[in-house]
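Undergrad: Sending over run-v3.cif (mmCIF, C-alpha atoms).
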```cif
data_work
loop_
_atom_site.label_atom_id
_atom_site.label_comp_id
_atom_site.auth_asym_id
_atom_site.auth_seq_id
_atom_site.Cartn_x
_atom_site.Cartn_y
_atom_site.Cartn_z
CA ILE A 234 0.00 0.00 0.00
CA LEU A 235 1.45 3.33 -1.06
CA VAL A 236 -0.13 6.02 1.13
CA VAL A 237 0.15 9.27 -0.81
CA ASP A 238 1.02 12.49 0.99
CA ASN A 239 -0.09 15.51 -1.06
CA GLY A 240 1.76 17.93 1.21
CA ALA A 241 0.37 21.46 1.20
CA ASP A 242 -2.37 20.40 -1.24
CA SER A 243 -3.83 17.91 1.27
CA ARG A 244 -7.30 18.58 2.66
CA GLY A 245 -7.49 17.85 6.34
CA VAL A 246 -4.93 15.99 8.42
CA PHE A 247 -2.65 13.39 6.84
CA ARG A 248 -3.34 10.13 8.73
CA PRO A 249 -1.07 7.33 7.46
CA GLU A 250 -1.48 5.45 10.76
CA ARG A 251 -4.92 4.34 9.57
CA TYR A 252 -3.07 1.83 7.42
CA ASP A 253 -1.19 0.27 10.33
CA GLY A 254 -1.56 -3.48 10.44
CA MET A 255 -2.57 -3.76 6.77
CA GLY A 256 0.63 -5.40 5.55
CA ASP A 257 3.39 -3.58 3.71
CA ALA A 258 2.64 0.15 3.66
CA ARG A 259 4.84 3.08 2.74
CA VAL A 260 4.30 6.84 2.57
CA GLY A 261 4.93 8.34 -0.86
CA HIS A 262 5.09 12.04 -1.69
CA ASN A 263 3.13 13.54 -4.57
CA VAL A 264 4.89 16.62 -5.95
CA PRO A 265 2.55 18.97 -7.90
CA GLY A 266 3.48 18.94 -11.55
CA ARG A 267 5.82 15.98 -11.13
CA GLY A 268 3.73 13.28 -9.48
CA LEU A 269 5.09 10.40 -7.45
CA GLY A 270 8.81 9.76 -7.37
CA ARG A 271 10.40 6.83 -9.17
CA ARG A 272 11.71 5.31 -5.94
CA ASP A 273 8.21 5.15 -4.44
CA LEU A 274 6.81 3.65 -7.63
CA GLU A 275 9.61 1.09 -7.86
CA TRP A 276 8.69 -0.03 -4.34
CA LEU A 277 4.97 -0.17 -5.14
CA LEU A 278 5.35 -2.10 -8.39
CA SER A 279 8.02 -4.54 -7.24
CA GLY A 280 6.40 -7.98 -7.11
CA SER A 281 2.91 -6.59 -7.87
CA ASP A 282 0.42 -8.10 -10.30
CA VAL A 283 -2.09 -5.21 -10.22
CA VAL A 284 -1.87 -1.55 -9.24
CA LEU A 285 -5.18 -0.02 -8.13
CA THR A 286 -5.62 3.69 -7.55
CA VAL A 287 -8.61 5.91 -6.78
CA GLU A 288 -9.39 8.76 -9.23
CA GLY A 289 -5.88 9.13 -10.62
CA PHE A 290 -2.33 7.82 -10.89
CA TYR A 291 -0.58 10.94 -9.53
CA GLY A 292 1.13 11.58 -12.86
CA GLU A 293 1.66 9.43 -15.93
CA ARG A 294 4.89 7.78 -14.76
CA CYS A 295 3.06 5.06 -12.80
CA ILE A 296 1.07 3.97 -15.86
CA GLY A 297 4.16 3.68 -18.02
CA MET A 298 6.27 1.88 -15.42
CA ALA A 299 3.47 -0.61 -14.70
CA ALA A 300 2.94 -1.25 -18.41
CA GLU A 301 6.66 -1.95 -18.90
CA ARG A 302 6.47 -4.61 -16.19
CA GLY A 303 3.26 -6.21 -17.43
CA ILE A 304 1.35 -5.10 -14.33
CA ARG A 305 -2.37 -4.52 -14.73
CA ARG A 306 -3.45 -0.88 -14.23
CA VAL A 307 -6.84 -0.24 -12.60
CA VAL A 308 -8.40 3.11 -11.73
CA TYR A 309 -11.46 3.52 -9.52
CA ALA A 310 -13.09 6.40 -11.34
CA ASN A 311 -14.83 9.56 -10.32
CA PRO A 312 -16.87 10.41 -13.45
CA GLU A 313 -16.82 14.15 -12.73
CA LEU A 314 -13.03 14.21 -12.67
CA PHE A 315 -12.20 11.52 -15.21
CA PRO A 316 -9.53 12.67 -17.69
CA GLY A 317 -10.21 12.10 -21.37
CA MET A 318 -6.76 10.52 -21.54
CA TYR A 319 -7.87 7.79 -19.14
CA ARG A 320 -10.90 7.04 -21.27
CA ASP A 321 -8.69 6.75 -24.36
CA LEU A 322 -6.31 4.43 -22.52
CA ALA A 323 -9.23 2.33 -21.30
CA GLU A 324 -10.60 1.99 -24.84
CA ARG A 325 -7.15 0.79 -25.95
CA GLY A 326 -6.97 -1.72 -23.12
CA VAL A 327 -4.14 0.08 -21.33
CA LEU A 328 -6.28 0.77 -18.23
CA SER A 329 -9.15 -1.04 -16.56
CA VAL A 330 -11.82 1.25 -15.12
CA LEU A 331 -14.05 0.62 -12.10
CA ALA A 332 -17.09 2.80 -11.35
CA PRO A 333 -18.85 3.16 -7.97
CA THR A 334 -22.28 3.72 -9.57
CA GLU A 335 -23.72 4.04 -13.06
CA TRP A 336 -24.26 7.80 -12.63
CA GLU A 337 -22.54 9.68 -15.49
CA ALA A 338 -20.79 6.43 -16.42
CA GLN A 339 -21.01 7.35 -20.12
CA ARG A 340 -17.99 9.56 -19.46
CA LEU A 341 -15.88 6.52 -18.63
CA GLY A 342 -16.07 4.43 -21.79
CA ARG A 343 -15.50 0.80 -20.85
CA TYR A 344 -15.92 0.13 -17.14
CA VAL A 345 -16.93 -2.44 -14.53
CA LEU A 346 -19.38 -1.53 -11.75
CA LEU A 347 -17.95 -1.97 -8.24
CA PRO A 348 -19.96 -0.33 -5.43
CA MET A 349 -17.91 1.44 -2.75
CA PRO A 350 -18.06 -0.42 0.58
CA ILE A 351 -18.72 1.30 3.90
CA ALA A 352 -16.98 0.34 7.16
CA ARG A 353 -20.09 -0.71 9.05
CA ASP A 354 -17.92 -2.17 11.80
CA ARG A 355 -16.85 1.38 12.64
CA ILE A 356 -20.13 3.26 12.13
CA ARG A 357 -22.58 2.52 14.92
CA TYR A 358 -26.20 2.08 13.84
CA ARG A 359 -28.67 3.97 16.02
CA ALA A 360 -32.39 3.26 15.72
CA ARG A 361 -34.45 6.45 15.83
CA SER A 362 -38.09 7.18 16.58
CA GLY A 363 -40.28 10.21 16.99
CA PRO A 364 -40.01 13.56 15.20
CA ALA A 365 -36.67 14.73 13.88
CA ARG A 366 -35.40 17.86 15.58
CA THR A 367 -31.64 17.79 14.99
CA PHE A 368 -30.33 18.13 11.44
CA LEU A 369 -26.70 17.69 10.40
CA HIS A 370 -24.99 19.34 7.44
CA VAL A 371 -21.38 18.51 6.62
CA ALA A 372 -19.75 21.35 4.69
CA ALA A 373 -16.84 20.73 2.33
CA PRO A 374 -14.45 23.20 0.68
CA ALA A 375 -13.85 21.44 -2.61
CA PHE A 376 -15.30 21.97 -6.07
CA HIS A 377 -17.69 24.88 -5.79
CA ASP A 378 -19.51 24.06 -2.54
CA ARG A 379 -19.66 20.31 -3.09
CA GLN A 380 -22.13 19.67 -0.26
CA GLY A 381 -24.53 22.51 -1.01
CA THR A 382 -23.90 24.59 2.11
CA GLU A 383 -25.23 27.75 0.47
CA ILE A 384 -28.39 25.88 -0.54
CA VAL A 385 -28.90 24.87 3.10
CA ARG A 386 -28.39 28.49 4.21
CA GLN A 387 -30.96 29.83 1.75
CA ALA A 388 -33.46 27.12 2.70
CA LEU A 389 -33.21 27.94 6.41
CA LEU A 390 -33.96 31.60 5.70
CA VAL A 391 -37.39 30.64 4.33
CA TYR A 392 -38.08 27.58 6.54
CA ASP A 393 -41.35 28.13 8.45
CA GLY A 394 -41.84 24.83 10.29
CA PRO A 395 -41.31 23.70 13.89
CA GLU A 396 -38.21 24.81 15.77
CA ILE A 397 -35.17 22.77 14.76
CA GLU A 398 -31.46 22.63 15.48
CA VAL A 399 -29.01 22.45 12.57
CA LEU A 400 -25.51 21.21 13.32
CA LEU A 401 -23.02 22.65 10.85
CA ALA A 402 -19.89 20.50 10.59
CA GLY A 403 -16.69 21.63 8.93
CA ALA A 404 -14.09 24.31 9.56
CA PRO A 405 -15.40 27.88 10.07
CA GLU A 406 -13.53 29.09 6.98
CA ILE A 407 -15.75 26.75 4.96
CA HIS A 408 -19.18 27.73 6.26
CA GLY A 409 -18.38 31.12 7.78
CA LEU A 410 -19.74 30.55 11.31
CA HIS A 411 -17.86 30.53 14.60
CA ASP A 412 -20.81 30.82 17.02
CA PRO A 413 -24.45 29.64 17.07
CA VAL A 414 -26.87 31.84 15.15
CA ARG A 415 -30.63 32.04 14.61
CA MET A 416 -31.93 31.62 11.08
CA GLY A 417 -35.71 31.89 11.13
CA HIS A 418 -37.07 28.87 12.99
CA ALA A 419 -33.68 27.17 13.15
CA CYS A 420 -30.80 27.43 15.58
CA VAL A 421 -27.62 26.82 13.57
CA VAL A 422 -24.75 25.49 15.67
CA PRO A 423 -21.23 25.10 14.23
CA ILE A 424 -19.57 21.94 15.59
CA GLY A 425 -15.92 21.02 15.66
CA SER A 426 -13.97 18.46 13.72
CA VAL A 427 -13.67 14.82 14.73
CA ARG A 428 -10.53 12.73 14.93
CA ASP A 429 -12.02 9.77 13.03
CA TYR A 430 -14.68 10.24 10.38
CA TRP A 431 -17.05 7.64 11.85
CA GLU A 432 -17.43 9.73 15.01
CA ARG A 433 -19.37 12.29 12.95
CA TRP A 434 -22.40 10.00 12.91
CA GLU A 435 -22.83 9.84 16.69
CA THR A 436 -25.19 12.83 16.60
CA GLY A 437 -28.09 14.21 14.57
CA ASP A 438 -31.36 12.74 13.28
CA VAL A 439 -31.33 13.81 9.63
CA LEU A 440 -28.56 14.54 7.16
CA LEU A 441 -29.01 17.66 5.02
CA LEU A 442 -27.23 17.05 1.72
CA PRO A 443 -28.78 18.97 -1.20
CA ARG A 444 -26.01 18.08 -3.68
CA ARG A 445 -24.55 14.83 -4.87
CA TYR A 446 -21.03 14.44 -6.11
CA GLY A 447 -19.51 11.96 -8.54
CA GLY A 448 -22.49 9.63 -8.16
CA LEU A 449 -20.80 8.58 -4.95
CA SER A 450 -21.32 10.43 -1.68
CA LEU A 451 -19.51 8.78 1.21
CA VAL A 452 -21.27 11.24 3.52
CA ALA A 453 -24.66 9.95 2.37
CA GLN A 454 -23.63 6.29 2.57
CA GLU A 455 -22.13 6.70 6.04
CA ALA A 456 -25.28 8.45 7.25
CA LEU A 457 -27.35 5.55 5.91
CA ALA A 458 -25.12 3.09 7.75
CA ALA A 459 -25.75 5.05 10.97
#
```
Let me see the file written as C-alpha cells.
TA:
Amino acid sequence: ILVVDNGADSRGVFRPERYDGMGDARVGHNVPGRGLGRRDLEWLLSGSDVVLTVEGFYGERCIGMAAERGIRRVVYANPELFPGMYRDLAERGVLSVLAPTEWEAQRLGRYVLLPMPIARDRIRYRARSGPARTFLHVAAPAFHDRQGTEIVRQALLVYDGPEIEVLLAGAPEIHGLHDPVRMGHACVVPIGSVRDYWERWETGDVLLLPRRYGGLSLVAQEALAA
C-alpha cells in the first residue's frame, strides 16, 4: 500500500497510521506537476500483479512503469473528474476502469461496476423514533460548494416549520460561522472536527445534503449506515 502524501495540497490531516496493520505500507510524496517519485513507484510495483488507484495515478509515470512490467493498471473512477486521456487508454486496453455507480458512467467508456463499501464495523447504527429535531450538514471546501452549504443556508432563511437545530460541521472558513446563530425557525450550531470520520455519525437525526457528487457520496452512505 502506497499512502500518498499531497503535502500542502492535502485537505485535512494526513493520517497514514490508519493503514497500520494492513501489511506492507509506505508513505509516498506527490509533488505537484511531477507526481510520485520513481523510488516510491519502484517499491509499489516490485512484485505486484495489479496496481489499483482511486481517481488518478498521480502523474503518468506510474502507468508507463506498470505497463513496462506487465502489471495490470486499474483506476477507480470519479466520473466528474475523469480525464479524457484515461478514457482513451481504457478503450485501448491500457487501463481497466471501475465505477462506484452508473451515474454519469457514459464519461468513462469501458468500465466495470464496483460499489464502494462502507466500514459498518466502525459506524454505529442507532435506531431512531419520533419527530426529527436535529439536522446535520457537513460542509466541504472542494469543487464549488460540493455539499450545497449555500443551498442549506438559503433554505433555512425561508423555513417556516417547527423549531429545529441544525448542526453545521466543517471548519469555520468553509461555512463562515464561529458561534451559534438564529436563522428563522432554526438554531444553527457550528460543531468542531472529529478525529475519526465515523465519530461524525454519533449525533443528529437527519442529514441535510442537497447536492450529490460523482455519483458517490460517502457522507450519504455513512449516514445511511448510521
Undergrad: In Å, how far is it from atom CA of A:Leu441 to atom CA of A:Arg340?
TA: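 So the two atoms, atom CA of A:Leu441 and atom CA of A:Arg340, lie 28.0 Å apart.
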Undergrad: Pick out the closest residue to A:Leu328 from this set: A:Gly425, A:Gly240, A:Pro348, A:Gly297. Count only C-alpha atoms.
TA: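 The shortest atom-to-atom distance to A:Leu328 comes from A:Gly297.
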Undergrad: For the structure provided, state which residues fall under the PyMOL selection byres ((chain A and resi 260-273) around 10), and present them as a ChimeraX atom specification.
TA: /A:234-242,249,258-259,274-278,290-295,298
Undergrad: For atom CA of A:Pro423 and atom CA of A:Gln380, quote the distance in Å rounded to one decimal.
TA: 15.5 Å
Undergrad: Compile the contact shell of A:Arg305 as a list in words: residues with an atom at most 7 Å away, counting all atoms listed in the file, same-chain residues fewer than 3 positions apart removed.
TA: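 Skipping anything fewer than 3 positions along the chain leaves Asp282, Val283 and Val284 of chain A.
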Undergrad: Which residues, named as in the file, does the PyMOL selection byres ((chain A and resi 312) around 10) pick out? Answer as a ChimeraX atom specification.
TA: /A:288,309-311,313-316,332-341,446-449
Undergrad: May I ask for the distance between atom CA of A:Val308 and atom CA of A:His377, given in Å to one decimal place?
TA: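 Atom CA of A:Val308 sits 24.4 Å away from atom CA of A:His377.
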Undergrad: For the PyMOL selection byres ((chain A and resi 346) around 6), applied here, can you spell out every residue it catches as a PDB file with C-alpha atoms, in the coordinates of the input?
TA:
```pdb
ATOM      1  CA  LEU A 331     -14.050   0.620 -12.100  1.00  0.00           C
ATOM      2  CA  ALA A 332     -17.090   2.800 -11.350  1.00  0.00           C
ATOM      3  CA  VAL A 345     -16.930  -2.440 -14.530  1.00  0.00           C
ATOM      4  CA  LEU A 347     -17.950  -1.970  -8.240  1.00  0.00           C
TER       5      LEU A 347
END
```
Undergrad: With all atoms listed in the file as the basis for distance, which of A:Gly326, A:Gly280, A:Gly437, A:Pro443 is at the shortest distance from A:Arg359?
TA: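 Of the candidates, the smallest distance to A:Arg359 is held by A:Gly437.
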Undergrad: Mind checking which residues fall within 10 Å of A:Arg366, counting only C-alpha atoms, ignoring those fewer than 4 positions away in the same chain, and posting them as a list in words?
TA: Pro395, Glu396, Ile397, Glu398, Val399, Ala419, Gly437, Asp438 and Val439 of chain A
Undergrad: Return the single residue from A:Gly394, A:Ile304, A:Arg343, A:Arg415 that is closest to A:Leu322, with distances computed using all atoms listed in the file.
TA: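 For A:Leu322, the nearest of the candidates is A:Arg343.
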Undergrad: Between A:Ala459, A:Ile384, A:Ile407, A:Ala373, which is the closest to A:Tyr358 once you count only C-alpha atoms?
TA: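 Ranking A:Ala459, A:Ile384, A:Ile407, A:Ala373 by distance to A:Tyr358, first place goes to A:Ala459.
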